[in-house]
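Student: One file is attached below, target21.txt, containing compact mmCIF, N, CA and C atoms.
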# COMPACT_ATOMS: atom_id res chain seq x y z
N MET A 1 -44.63 -33.30 -29.53
CA MET A 1 -45.56 -33.16 -28.44
C MET A 1 -46.15 -34.51 -28.11
N LYS A 2 -46.13 -34.83 -26.86
CA LYS A 2 -46.68 -36.10 -26.41
C LYS A 2 -47.83 -35.86 -25.46
N VAL A 3 -48.83 -36.68 -25.56
CA VAL A 3 -49.97 -36.60 -24.67
C VAL A 3 -49.99 -37.86 -23.83
N SER A 4 -50.09 -37.67 -22.52
CA SER A 4 -50.22 -38.81 -21.64
C SER A 4 -51.58 -39.44 -21.84
N ARG A 5 -51.63 -40.75 -22.00
CA ARG A 5 -52.91 -41.43 -22.15
C ARG A 5 -53.23 -42.23 -20.89
N SER A 6 -52.86 -41.66 -19.76
CA SER A 6 -53.13 -42.27 -18.47
C SER A 6 -54.63 -42.49 -18.30
N PRO A 7 -55.05 -43.60 -17.69
CA PRO A 7 -56.48 -43.84 -17.48
C PRO A 7 -57.14 -42.71 -16.70
N GLN A 8 -56.40 -42.03 -15.81
CA GLN A 8 -56.98 -40.94 -15.05
C GLN A 8 -57.38 -39.77 -15.96
N LEU A 9 -56.83 -39.70 -17.16
CA LEU A 9 -57.15 -38.61 -18.06
C LEU A 9 -58.23 -38.99 -19.06
N THR A 10 -58.85 -40.12 -18.86
CA THR A 10 -59.88 -40.58 -19.80
C THR A 10 -61.20 -40.65 -19.08
N GLN A 11 -62.22 -40.04 -19.65
CA GLN A 11 -63.54 -40.06 -19.06
C GLN A 11 -64.03 -41.49 -18.96
N GLY A 12 -64.71 -41.78 -17.88
CA GLY A 12 -65.34 -43.08 -17.74
C GLY A 12 -64.58 -44.05 -16.86
N HIS A 13 -63.34 -43.74 -16.51
CA HIS A 13 -62.58 -44.65 -15.65
C HIS A 13 -62.85 -44.38 -14.17
N GLY A 14 -63.44 -43.21 -13.88
CA GLY A 14 -63.86 -42.93 -12.52
C GLY A 14 -62.76 -42.59 -11.54
N ALA A 15 -61.50 -42.58 -11.95
CA ALA A 15 -60.43 -42.30 -11.01
C ALA A 15 -60.41 -40.83 -10.60
N VAL A 16 -60.71 -39.95 -11.52
CA VAL A 16 -60.67 -38.52 -11.26
C VAL A 16 -61.86 -37.89 -11.97
N PRO A 17 -62.57 -36.95 -11.32
CA PRO A 17 -63.67 -36.30 -12.04
C PRO A 17 -63.19 -35.67 -13.34
N PHE A 18 -64.04 -35.70 -14.38
CA PHE A 18 -63.60 -35.28 -15.71
C PHE A 18 -63.13 -33.85 -15.76
N ARG A 19 -63.76 -32.93 -15.03
CA ARG A 19 -63.30 -31.54 -15.05
C ARG A 19 -61.86 -31.46 -14.59
N MET A 20 -61.52 -32.24 -13.59
CA MET A 20 -60.13 -32.27 -13.13
C MET A 20 -59.24 -32.89 -14.21
N CYS A 21 -59.77 -33.86 -14.92
CA CYS A 21 -59.00 -34.49 -15.98
C CYS A 21 -58.66 -33.47 -17.06
N TRP A 22 -59.63 -32.61 -17.42
CA TRP A 22 -59.36 -31.61 -18.46
C TRP A 22 -58.24 -30.69 -18.00
N ALA A 23 -58.26 -30.27 -16.74
CA ALA A 23 -57.20 -29.41 -16.22
C ALA A 23 -55.86 -30.12 -16.31
N ALA A 24 -55.85 -31.39 -15.96
CA ALA A 24 -54.60 -32.15 -16.05
C ALA A 24 -54.17 -32.30 -17.50
N LEU A 25 -55.11 -32.55 -18.39
CA LEU A 25 -54.79 -32.68 -19.81
C LEU A 25 -54.22 -31.37 -20.33
N TRP A 26 -54.79 -30.26 -19.90
CA TRP A 26 -54.33 -28.94 -20.34
C TRP A 26 -52.84 -28.77 -20.05
N MET A 27 -52.39 -29.35 -18.94
CA MET A 27 -51.00 -29.14 -18.53
C MET A 27 -50.03 -30.16 -19.13
N VAL A 28 -50.48 -31.33 -19.56
CA VAL A 28 -49.55 -32.34 -20.03
C VAL A 28 -49.47 -32.43 -21.54
N VAL A 29 -50.27 -31.66 -22.24
CA VAL A 29 -50.34 -31.79 -23.68
C VAL A 29 -49.01 -31.49 -24.35
N ASP A 30 -48.36 -30.42 -23.97
CA ASP A 30 -47.19 -29.97 -24.69
C ASP A 30 -45.98 -30.00 -23.77
N VAL A 31 -44.95 -30.73 -24.18
CA VAL A 31 -43.74 -30.82 -23.38
C VAL A 31 -43.06 -29.45 -23.32
N ARG A 32 -43.01 -28.77 -24.46
CA ARG A 32 -42.42 -27.44 -24.46
C ARG A 32 -43.51 -26.47 -24.08
N LYS A 33 -43.18 -25.54 -23.19
CA LYS A 33 -44.20 -24.63 -22.70
C LYS A 33 -44.65 -23.65 -23.77
N ALA A 34 -45.93 -23.57 -23.95
CA ALA A 34 -46.48 -22.59 -24.87
C ALA A 34 -46.27 -21.19 -24.28
N ARG A 35 -46.24 -20.22 -25.16
CA ARG A 35 -46.03 -18.84 -24.71
C ARG A 35 -47.10 -18.41 -23.72
N ALA A 36 -48.34 -18.81 -23.96
CA ALA A 36 -49.42 -18.44 -23.03
C ALA A 36 -49.15 -19.01 -21.64
N ASP A 37 -48.66 -20.25 -21.57
CA ASP A 37 -48.35 -20.86 -20.28
C ASP A 37 -47.19 -20.14 -19.61
N ARG A 38 -46.18 -19.78 -20.38
CA ARG A 38 -45.05 -19.03 -19.80
C ARG A 38 -45.55 -17.71 -19.23
N PHE A 39 -46.46 -17.05 -19.95
CA PHE A 39 -47.02 -15.80 -19.45
C PHE A 39 -47.82 -16.03 -18.18
N LEU A 40 -48.72 -17.03 -18.21
CA LEU A 40 -49.54 -17.31 -17.03
C LEU A 40 -48.68 -17.67 -15.83
N ASP A 41 -47.59 -18.37 -16.06
CA ASP A 41 -46.69 -18.75 -14.96
C ASP A 41 -45.98 -17.53 -14.37
N SER A 42 -45.91 -16.44 -15.13
CA SER A 42 -45.19 -15.26 -14.65
C SER A 42 -46.10 -14.29 -13.89
N VAL A 43 -47.41 -14.46 -13.99
CA VAL A 43 -48.33 -13.57 -13.28
C VAL A 43 -48.75 -14.20 -11.96
N ASP A 44 -49.46 -13.45 -11.18
CA ASP A 44 -49.95 -13.91 -9.89
C ASP A 44 -50.65 -15.25 -10.04
N VAL A 45 -50.41 -16.15 -9.12
CA VAL A 45 -50.97 -17.50 -9.18
C VAL A 45 -52.50 -17.47 -9.20
N SER A 46 -53.11 -16.48 -8.58
CA SER A 46 -54.57 -16.43 -8.60
C SER A 46 -55.09 -16.11 -10.00
N VAL A 47 -54.33 -15.33 -10.77
CA VAL A 47 -54.72 -15.01 -12.15
C VAL A 47 -54.61 -16.26 -13.01
N SER A 48 -53.46 -16.92 -12.93
CA SER A 48 -53.28 -18.12 -13.76
C SER A 48 -54.23 -19.23 -13.33
N GLY A 49 -54.45 -19.37 -12.04
CA GLY A 49 -55.36 -20.40 -11.55
C GLY A 49 -56.80 -20.14 -12.00
N THR A 50 -57.18 -18.87 -11.99
CA THR A 50 -58.53 -18.50 -12.43
C THR A 50 -58.70 -18.79 -13.90
N PHE A 51 -57.71 -18.43 -14.71
CA PHE A 51 -57.79 -18.71 -16.15
C PHE A 51 -57.91 -20.20 -16.42
N ARG A 52 -57.04 -20.98 -15.77
CA ARG A 52 -57.05 -22.43 -16.00
C ARG A 52 -58.34 -23.07 -15.48
N SER A 53 -58.85 -22.56 -14.38
CA SER A 53 -60.11 -23.07 -13.85
C SER A 53 -61.26 -22.75 -14.80
N LEU A 54 -61.29 -21.53 -15.33
CA LEU A 54 -62.32 -21.15 -16.28
C LEU A 54 -62.24 -22.02 -17.54
N ALA A 55 -61.03 -22.22 -18.06
CA ALA A 55 -60.84 -23.06 -19.24
C ALA A 55 -61.34 -24.47 -18.97
N SER A 56 -61.04 -24.98 -17.80
CA SER A 56 -61.45 -26.34 -17.44
C SER A 56 -62.97 -26.44 -17.37
N MET A 57 -63.62 -25.43 -16.80
CA MET A 57 -65.08 -25.46 -16.69
C MET A 57 -65.74 -25.33 -18.07
N ILE A 58 -65.21 -24.44 -18.89
CA ILE A 58 -65.81 -24.22 -20.21
C ILE A 58 -65.60 -25.41 -21.13
N LEU A 59 -64.40 -26.00 -21.08
CA LEU A 59 -64.04 -27.04 -22.04
C LEU A 59 -64.42 -28.45 -21.59
N GLY A 60 -64.93 -28.59 -20.37
CA GLY A 60 -65.35 -29.90 -19.89
C GLY A 60 -66.72 -30.28 -20.47
N ASP A 61 -67.14 -31.49 -20.19
CA ASP A 61 -68.44 -31.96 -20.68
C ASP A 61 -69.57 -31.05 -20.21
N GLY A 62 -70.49 -30.81 -21.10
CA GLY A 62 -71.70 -30.03 -20.82
C GLY A 62 -72.72 -30.42 -21.86
N ALA A 63 -73.43 -29.44 -22.40
CA ALA A 63 -74.37 -29.73 -23.49
C ALA A 63 -73.60 -30.32 -24.68
N LEU A 64 -72.38 -29.85 -24.87
CA LEU A 64 -71.45 -30.44 -25.85
C LEU A 64 -70.44 -31.28 -25.09
N SER A 65 -69.99 -32.35 -25.69
CA SER A 65 -68.96 -33.17 -25.03
C SER A 65 -67.62 -32.44 -25.06
N ALA A 66 -66.73 -32.81 -24.17
CA ALA A 66 -65.39 -32.23 -24.16
C ALA A 66 -64.69 -32.46 -25.50
N ARG A 67 -64.95 -33.58 -26.13
CA ARG A 67 -64.36 -33.89 -27.44
C ARG A 67 -64.87 -32.92 -28.50
N GLU A 68 -66.18 -32.69 -28.50
CA GLU A 68 -66.75 -31.73 -29.45
C GLU A 68 -66.20 -30.32 -29.20
N LYS A 69 -66.08 -29.96 -27.93
CA LYS A 69 -65.53 -28.64 -27.59
C LYS A 69 -64.07 -28.53 -28.01
N ALA A 70 -63.33 -29.62 -27.90
CA ALA A 70 -61.93 -29.60 -28.33
C ALA A 70 -61.84 -29.36 -29.84
N LEU A 71 -62.75 -29.95 -30.60
CA LEU A 71 -62.77 -29.71 -32.05
C LEU A 71 -63.15 -28.26 -32.37
N ILE A 72 -64.08 -27.71 -31.61
CA ILE A 72 -64.45 -26.30 -31.80
C ILE A 72 -63.26 -25.41 -31.47
N ALA A 73 -62.59 -25.71 -30.35
CA ALA A 73 -61.41 -24.92 -29.96
C ALA A 73 -60.33 -25.01 -31.03
N LEU A 74 -60.16 -26.18 -31.61
CA LEU A 74 -59.18 -26.36 -32.69
C LEU A 74 -59.56 -25.48 -33.88
N ALA A 75 -60.83 -25.52 -34.27
CA ALA A 75 -61.29 -24.71 -35.40
C ALA A 75 -61.10 -23.22 -35.11
N CYS A 76 -61.44 -22.80 -33.91
CA CYS A 76 -61.25 -21.39 -33.54
C CYS A 76 -59.78 -20.99 -33.60
N SER A 77 -58.92 -21.87 -33.15
CA SER A 77 -57.48 -21.60 -33.17
C SER A 77 -56.98 -21.41 -34.60
N VAL A 78 -57.48 -22.23 -35.51
CA VAL A 78 -57.13 -22.09 -36.92
C VAL A 78 -57.66 -20.76 -37.45
N ALA A 79 -58.91 -20.44 -37.11
CA ALA A 79 -59.53 -19.22 -37.63
C ALA A 79 -58.80 -17.96 -37.17
N VAL A 80 -58.30 -17.98 -35.94
CA VAL A 80 -57.58 -16.78 -35.44
C VAL A 80 -56.08 -16.84 -35.74
N ARG A 81 -55.66 -17.91 -36.39
CA ARG A 81 -54.29 -18.09 -36.85
C ARG A 81 -53.26 -18.11 -35.72
N CYS A 82 -53.57 -18.84 -34.66
CA CYS A 82 -52.66 -18.99 -33.53
C CYS A 82 -52.05 -20.40 -33.60
N GLU A 83 -50.79 -20.47 -34.02
CA GLU A 83 -50.16 -21.79 -34.19
C GLU A 83 -49.99 -22.53 -32.88
N ASP A 84 -49.58 -21.83 -31.81
CA ASP A 84 -49.46 -22.50 -30.51
C ASP A 84 -50.80 -23.05 -30.06
N CYS A 85 -51.86 -22.23 -30.24
CA CYS A 85 -53.21 -22.67 -29.87
C CYS A 85 -53.63 -23.87 -30.70
N THR A 86 -53.35 -23.81 -32.00
CA THR A 86 -53.72 -24.91 -32.89
C THR A 86 -53.04 -26.20 -32.45
N ARG A 87 -51.76 -26.12 -32.16
CA ARG A 87 -51.04 -27.33 -31.70
C ARG A 87 -51.66 -27.88 -30.41
N ARG A 88 -51.89 -27.00 -29.44
CA ARG A 88 -52.42 -27.43 -28.16
C ARG A 88 -53.80 -28.06 -28.34
N HIS A 89 -54.67 -27.38 -29.06
CA HIS A 89 -56.04 -27.90 -29.20
C HIS A 89 -56.09 -29.14 -30.08
N MET A 90 -55.17 -29.28 -31.01
CA MET A 90 -55.08 -30.50 -31.81
C MET A 90 -54.72 -31.67 -30.90
N GLU A 91 -53.75 -31.48 -30.04
CA GLU A 91 -53.35 -32.56 -29.14
C GLU A 91 -54.46 -32.88 -28.14
N GLN A 92 -55.16 -31.85 -27.66
CA GLN A 92 -56.27 -32.11 -26.75
C GLN A 92 -57.39 -32.88 -27.46
N ALA A 93 -57.71 -32.47 -28.68
CA ALA A 93 -58.74 -33.17 -29.44
C ALA A 93 -58.33 -34.62 -29.68
N ARG A 94 -57.08 -34.82 -30.03
CA ARG A 94 -56.57 -36.17 -30.26
C ARG A 94 -56.66 -37.01 -28.99
N ALA A 95 -56.27 -36.41 -27.86
CA ALA A 95 -56.31 -37.14 -26.59
C ALA A 95 -57.75 -37.49 -26.18
N LEU A 96 -58.70 -36.70 -26.66
CA LEU A 96 -60.11 -36.97 -26.34
C LEU A 96 -60.79 -37.84 -27.39
N GLY A 97 -60.01 -38.36 -28.35
CA GLY A 97 -60.53 -39.33 -29.30
C GLY A 97 -60.91 -38.80 -30.66
N ALA A 98 -60.63 -37.52 -30.93
CA ALA A 98 -60.95 -36.98 -32.26
C ALA A 98 -60.05 -37.64 -33.30
N THR A 99 -60.62 -37.93 -34.45
CA THR A 99 -59.86 -38.55 -35.52
C THR A 99 -59.17 -37.49 -36.37
N ARG A 100 -58.24 -37.94 -37.15
CA ARG A 100 -57.54 -37.07 -38.10
C ARG A 100 -58.55 -36.38 -39.03
N GLU A 101 -59.49 -37.16 -39.52
CA GLU A 101 -60.49 -36.63 -40.45
C GLU A 101 -61.35 -35.56 -39.78
N GLU A 102 -61.74 -35.80 -38.53
CA GLU A 102 -62.55 -34.81 -37.81
C GLU A 102 -61.76 -33.51 -37.59
N MET A 103 -60.49 -33.64 -37.24
CA MET A 103 -59.67 -32.45 -37.01
C MET A 103 -59.46 -31.67 -38.31
N LEU A 104 -59.22 -32.39 -39.40
CA LEU A 104 -59.04 -31.71 -40.68
C LEU A 104 -60.34 -31.04 -41.14
N GLU A 105 -61.46 -31.69 -40.90
CA GLU A 105 -62.75 -31.10 -41.28
C GLU A 105 -63.03 -29.85 -40.45
N ALA A 106 -62.73 -29.89 -39.16
CA ALA A 106 -62.91 -28.71 -38.30
C ALA A 106 -62.03 -27.56 -38.80
N ALA A 107 -60.79 -27.88 -39.19
CA ALA A 107 -59.87 -26.86 -39.71
C ALA A 107 -60.37 -26.31 -41.04
N ALA A 108 -60.96 -27.16 -41.86
CA ALA A 108 -61.50 -26.71 -43.15
C ALA A 108 -62.66 -25.75 -42.93
N ILE A 109 -63.52 -26.04 -41.95
CA ILE A 109 -64.62 -25.13 -41.63
C ILE A 109 -64.06 -23.79 -41.17
N ALA A 110 -63.07 -23.83 -40.31
CA ALA A 110 -62.44 -22.59 -39.83
C ALA A 110 -61.85 -21.80 -40.98
N SER A 111 -61.21 -22.49 -41.90
CA SER A 111 -60.62 -21.82 -43.06
C SER A 111 -61.69 -21.17 -43.92
N LEU A 112 -62.81 -21.85 -44.07
CA LEU A 112 -63.92 -21.30 -44.84
C LEU A 112 -64.46 -20.03 -44.18
N ILE A 113 -64.62 -20.08 -42.86
CA ILE A 113 -65.11 -18.91 -42.12
C ILE A 113 -64.10 -17.77 -42.24
N ARG A 114 -62.83 -18.10 -42.12
CA ARG A 114 -61.78 -17.07 -42.26
C ARG A 114 -61.84 -16.46 -43.66
N MET A 115 -62.01 -17.29 -44.68
CA MET A 115 -62.09 -16.79 -46.05
C MET A 115 -63.33 -15.91 -46.21
N GLY A 116 -64.45 -16.34 -45.63
CA GLY A 116 -65.68 -15.55 -45.70
C GLY A 116 -65.50 -14.18 -45.06
N SER A 117 -64.82 -14.14 -43.92
CA SER A 117 -64.60 -12.85 -43.27
C SER A 117 -63.68 -11.99 -44.12
N GLY A 118 -62.74 -12.62 -44.83
CA GLY A 118 -61.88 -11.88 -45.75
C GLY A 118 -62.67 -11.28 -46.90
N LEU A 119 -63.63 -12.05 -47.40
CA LEU A 119 -64.48 -11.53 -48.48
C LEU A 119 -65.35 -10.38 -47.99
N ASN A 120 -65.86 -10.49 -46.77
CA ASN A 120 -66.65 -9.40 -46.20
C ASN A 120 -65.79 -8.14 -46.03
N THR A 121 -64.56 -8.32 -45.60
CA THR A 121 -63.66 -7.18 -45.46
C THR A 121 -63.31 -6.60 -46.82
N ALA A 122 -63.08 -7.47 -47.79
CA ALA A 122 -62.77 -7.00 -49.15
C ALA A 122 -63.94 -6.25 -49.74
N ALA A 123 -65.16 -6.59 -49.37
CA ALA A 123 -66.34 -5.91 -49.89
C ALA A 123 -66.36 -4.44 -49.50
N VAL A 124 -65.66 -4.08 -48.42
CA VAL A 124 -65.55 -2.67 -48.02
C VAL A 124 -64.93 -1.86 -49.16
N ILE A 125 -63.95 -2.44 -49.84
CA ILE A 125 -63.30 -1.75 -50.96
C ILE A 125 -64.34 -1.46 -52.04
N LEU A 126 -65.12 -2.45 -52.37
CA LEU A 126 -66.16 -2.28 -53.39
C LEU A 126 -67.17 -1.20 -52.96
N GLU A 127 -67.60 -1.26 -51.71
CA GLU A 127 -68.56 -0.27 -51.22
C GLU A 127 -67.98 1.14 -51.27
N GLU A 128 -66.73 1.28 -50.86
CA GLU A 128 -66.09 2.60 -50.88
C GLU A 128 -65.95 3.12 -52.31
N LEU A 129 -65.55 2.23 -53.22
CA LEU A 129 -65.42 2.62 -54.63
C LEU A 129 -66.78 3.02 -55.21
N ASP A 130 -67.82 2.23 -54.88
CA ASP A 130 -69.16 2.55 -55.38
C ASP A 130 -69.66 3.87 -54.81
N ASP A 131 -69.40 4.10 -53.53
CA ASP A 131 -69.80 5.36 -52.90
C ASP A 131 -69.08 6.55 -53.52
N SER A 132 -67.79 6.37 -53.80
CA SER A 132 -66.99 7.45 -54.43
C SER A 132 -67.51 7.74 -55.84
N ALA A 133 -67.87 6.71 -56.58
CA ALA A 133 -68.36 6.89 -57.95
C ALA A 133 -69.73 7.58 -57.96
N ALA A 134 -70.51 7.34 -56.90
CA ALA A 134 -71.84 7.92 -56.84
C ALA A 134 -71.80 9.41 -56.50
N ARG A 135 -70.71 9.88 -55.95
CA ARG A 135 -70.62 11.30 -55.55
C ARG A 135 -70.38 12.18 -56.71
Turn the structure described in the file into structure tokens.

Tutor:
Amino acid sequence: MKVSRSPQLTQGHGAVPFRMCWAALWMVVDVRKARADRFLDSVDVSVSGTFRSLASMILGDGALSAREKALIALACSVAVRCEDCTRRHMEQARALGATREEMLEAAAIASLIRMGSGLNTAAVILEELDDSAAR
């Protein structure tokens, strides 16, 4: 996977507004089309355009920087175990300046949250066993 590092895709160069840059980055991150993109390309253009526009608005600079949001998106992708999403968000985070260490730390946090949710789910077994023993 290659990411274009064109100046137009970098905040601060002023060639293109950053929200538009995020939309452009979304499309150039992965040379091979992700399954989600193949699906979006097969539905009505207004549906795919709306999804991409929403993603661009949410993931662009706001109270959190686009870089911080890319790291959050990467962590979420790890937590939900979506490999295509993880690859895409890793490349987006990298293109926005995230370091290897930052990406690995975000993934470690996601793994911890995933493990915690597993422990909470496993606790159901304990609760059911305790309830059965109490009857």

Student: State, in Å with one decimal place, the distance from atom N of A:Val124 to atom N of A:Ala79.

Tutor: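 Pair atom N of A:Val124 / atom N of A:Ala79 returns 21.0 Å.
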
Student: Please, what distance in Å, to one decimal, runs between atom CA of A:Asp41 and atom CA of A:Ser56?

Tutor: 16.8 Å

Student: Emit as lines of an AutoDock Vina configuration file the padded axis-aligned box for all listed atoms of stretch 79-88 of chain A, 6 Å per side, with centre and edge lengths in Å to one decimal.

Tutor:
center_x = -54.5
center_y = -22.4
center_z = -32.9
size_x = 22.1
size_y = 23.3
size_z = 21.5

Student: Would you work out the distance separating atom N of A:Ala66 from atom CA of A:Ala95, expressed in Å to one decimal?

Tutor: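 Between these atoms lies a distance of 11.5 Å.
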
Student: When distances are computed from only N, CA and C atoms, which of A:Asn120, A:Ser111, A:Ser132, A:Ser48 shows the smallest separation from A:Cys76?

Tutor: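 Smallest distance to A:Cys76 is found for A:Ser111.
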
Student: Restricting the calculation to all atoms listed in the file, which member of A:Val47, A:Leu119, A:Arg87, A:Ala75 is positioned closest to A:Glu105?

Tutor: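 Of all the options, A:Ala75 lies closest to A:Glu105.
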
Student: Find the spatial neighbours of A:Leu59, counting all atoms listed in the file, within a cut-off of 7 Å - ignore same-chain residues fewer than 5 positions away - and output them as a PyMOL selection string.

Tutor: chain A and resi 22+54+65-67+69-70

Student: When you count only C-alpha atoms, which of these residues is closest to A:Val78: A:Gly118, A:Arg100, A:Ile109, A:Ala123?

Tutor: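 Distance minimum relative to A:Val78 lands on A:Ile109.
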
Student: Taking all atoms listed in the file into account, name the residue in A:Ala55, A:Leu74, A:Ala93, A:Ala134 that is nearest to A:Ala107.

Tutor: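 Of the candidates, the smallest distance to A:Ala107 is held by A:Leu74.
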
Student: Considering only alpha helix (DSSP H) as DSSP defines it on the backbone, what residues of stretch 46-96 of chain A qualify? List them as a short mmCIF file (atom, residue, chain, number, x, y, z; two decimals) with N, CA and C atoms, keeping the file's coordinate frame.

Tutor:
data_model
loop_
_atom_site.label_atom_id
_atom_site.label_comp_id
_atom_site.auth_asym_id
_atom_site.auth_seq_id
_atom_site.Cartn_x
_atom_site.Cartn_y
_atom_site.Cartn_z
N SER A 46 -53.11 -16.48 -8.58
CA SER A 46 -54.57 -16.43 -8.60
C SER A 46 -55.09 -16.11 -10.00
N VAL A 47 -54.33 -15.33 -10.77
CA VAL A 47 -54.72 -15.01 -12.15
C VAL A 47 -54.61 -16.26 -13.01
N SER A 48 -53.46 -16.92 -12.93
CA SER A 48 -53.28 -18.12 -13.76
C SER A 48 -54.23 -19.23 -13.33
N GLY A 49 -54.45 -19.37 -12.04
CA GLY A 49 -55.36 -20.40 -11.55
C GLY A 49 -56.80 -20.14 -12.00
N THR A 50 -57.18 -18.87 -11.99
CA THR A 50 -58.53 -18.50 -12.43
C THR A 50 -58.70 -18.79 -13.90
N PHE A 51 -57.71 -18.43 -14.71
CA PHE A 51 -57.79 -18.71 -16.15
C PHE A 51 -57.91 -20.20 -16.42
N ARG A 52 -57.04 -20.98 -15.77
CA ARG A 52 -57.05 -22.43 -16.00
C ARG A 52 -58.34 -23.07 -15.48
N SER A 53 -58.85 -22.56 -14.38
CA SER A 53 -60.11 -23.07 -13.85
C SER A 53 -61.26 -22.75 -14.80
N LEU A 54 -61.29 -21.53 -15.33
CA LEU A 54 -62.32 -21.15 -16.28
C LEU A 54 -62.24 -22.02 -17.54
N ALA A 55 -61.03 -22.22 -18.06
CA ALA A 55 -60.84 -23.06 -19.24
C ALA A 55 -61.34 -24.47 -18.97
N SER A 56 -61.04 -24.98 -17.80
CA SER A 56 -61.45 -26.34 -17.44
C SER A 56 -62.97 -26.44 -17.37
N MET A 57 -63.62 -25.43 -16.80
CA MET A 57 -65.08 -25.46 -16.69
C MET A 57 -65.74 -25.33 -18.07
N ILE A 58 -65.21 -24.44 -18.89
CA ILE A 58 -65.81 -24.22 -20.21
C ILE A 58 -65.60 -25.41 -21.13
N LEU A 59 -64.40 -26.00 -21.08
CA LEU A 59 -64.04 -27.04 -22.04
C LEU A 59 -64.42 -28.45 -21.59
N ALA A 66 -66.73 -32.81 -24.17
CA ALA A 66 -65.39 -32.23 -24.16
C ALA A 66 -64.69 -32.46 -25.50
N ARG A 67 -64.95 -33.58 -26.13
CA ARG A 67 -64.36 -33.89 -27.44
C ARG A 67 -64.87 -32.92 -28.50
N GLU A 68 -66.18 -32.69 -28.50
CA GLU A 68 -66.75 -31.73 -29.45
C GLU A 68 -66.20 -30.32 -29.20
N LYS A 69 -66.08 -29.96 -27.93
CA LYS A 69 -65.53 -28.64 -27.59
C LYS A 69 -64.07 -28.53 -28.01
N ALA A 70 -63.33 -29.62 -27.90
CA ALA A 70 -61.93 -29.60 -28.33
C ALA A 70 -61.84 -29.36 -29.84
N LEU A 71 -62.75 -29.95 -30.60
CA LEU A 71 -62.77 -29.71 -32.05
C LEU A 71 -63.15 -28.26 -32.37
N ILE A 72 -64.08 -27.71 -31.61
CA ILE A 72 -64.45 -26.30 -31.80
C ILE A 72 -63.26 -25.41 -31.47
N ALA A 73 -62.59 -25.71 -30.35
CA ALA A 73 -61.41 -24.92 -29.96
C ALA A 73 -60.33 -25.01 -31.03
N LEU A 74 -60.16 -26.18 -31.61
CA LEU A 74 -59.18 -26.36 -32.69
C LEU A 74 -59.56 -25.48 -33.88
N ALA A 75 -60.83 -25.52 -34.27
CA ALA A 75 -61.29 -24.71 -35.40
C ALA A 75 -61.10 -23.22 -35.11
N CYS A 76 -61.44 -22.80 -33.91
CA CYS A 76 -61.25 -21.39 -33.54
C CYS A 76 -59.78 -20.99 -33.60
N SER A 77 -58.92 -21.87 -33.15
CA SER A 77 -57.48 -21.60 -33.17
C SER A 77 -56.98 -21.41 -34.60
N VAL A 78 -57.48 -22.23 -35.51
CA VAL A 78 -57.13 -22.09 -36.92
C VAL A 78 -57.66 -20.76 -37.45
N ALA A 79 -58.91 -20.44 -37.11
CA ALA A 79 -59.53 -19.22 -37.63
C ALA A 79 -58.80 -17.96 -37.17
N GLU A 83 -50.79 -20.47 -34.02
CA GLU A 83 -50.16 -21.79 -34.19
C GLU A 83 -49.99 -22.53 -32.88
N ASP A 84 -49.58 -21.83 -31.81
CA ASP A 84 -49.46 -22.50 -30.51
C ASP A 84 -50.80 -23.05 -30.06
N CYS A 85 -51.86 -22.23 -30.24
CA CYS A 85 -53.21 -22.67 -29.87
C CYS A 85 -53.63 -23.87 -30.70
N THR A 86 -53.35 -23.81 -32.00
CA THR A 86 -53.72 -24.91 -32.89
C THR A 86 -53.04 -26.20 -32.45
N ARG A 87 -51.76 -26.12 -32.16
CA ARG A 87 -51.04 -27.33 -31.70
C ARG A 87 -51.66 -27.88 -30.41
N ARG A 88 -51.89 -27.00 -29.44
CA ARG A 88 -52.42 -27.43 -28.16
C ARG A 88 -53.80 -28.06 -28.34
N HIS A 89 -54.67 -27.38 -29.06
CA HIS A 89 -56.04 -27.90 -29.20
C HIS A 89 -56.09 -29.14 -30.08
N MET A 90 -55.17 -29.28 -31.01
CA MET A 90 -55.08 -30.50 -31.81
C MET A 90 -54.72 -31.67 -30.90
N GLU A 91 -53.75 -31.48 -30.04
CA GLU A 91 -53.35 -32.56 -29.14
C GLU A 91 -54.46 -32.88 -28.14
N GLN A 92 -55.16 -31.85 -27.66
CA GLN A 92 -56.27 -32.11 -26.75
C GLN A 92 -57.39 -32.88 -27.46
N ALA A 93 -57.71 -32.47 -28.68
CA ALA A 93 -58.74 -33.17 -29.44
C ALA A 93 -58.33 -34.62 -29.68
N ARG A 94 -57.08 -34.82 -30.03
CA ARG A 94 -56.57 -36.17 -30.26
C ARG A 94 -56.66 -37.01 -28.99
N ALA A 95 -56.27 -36.41 -27.86
CA ALA A 95 -56.31 -37.14 -26.59
C ALA A 95 -57.75 -37.49 -26.18
#
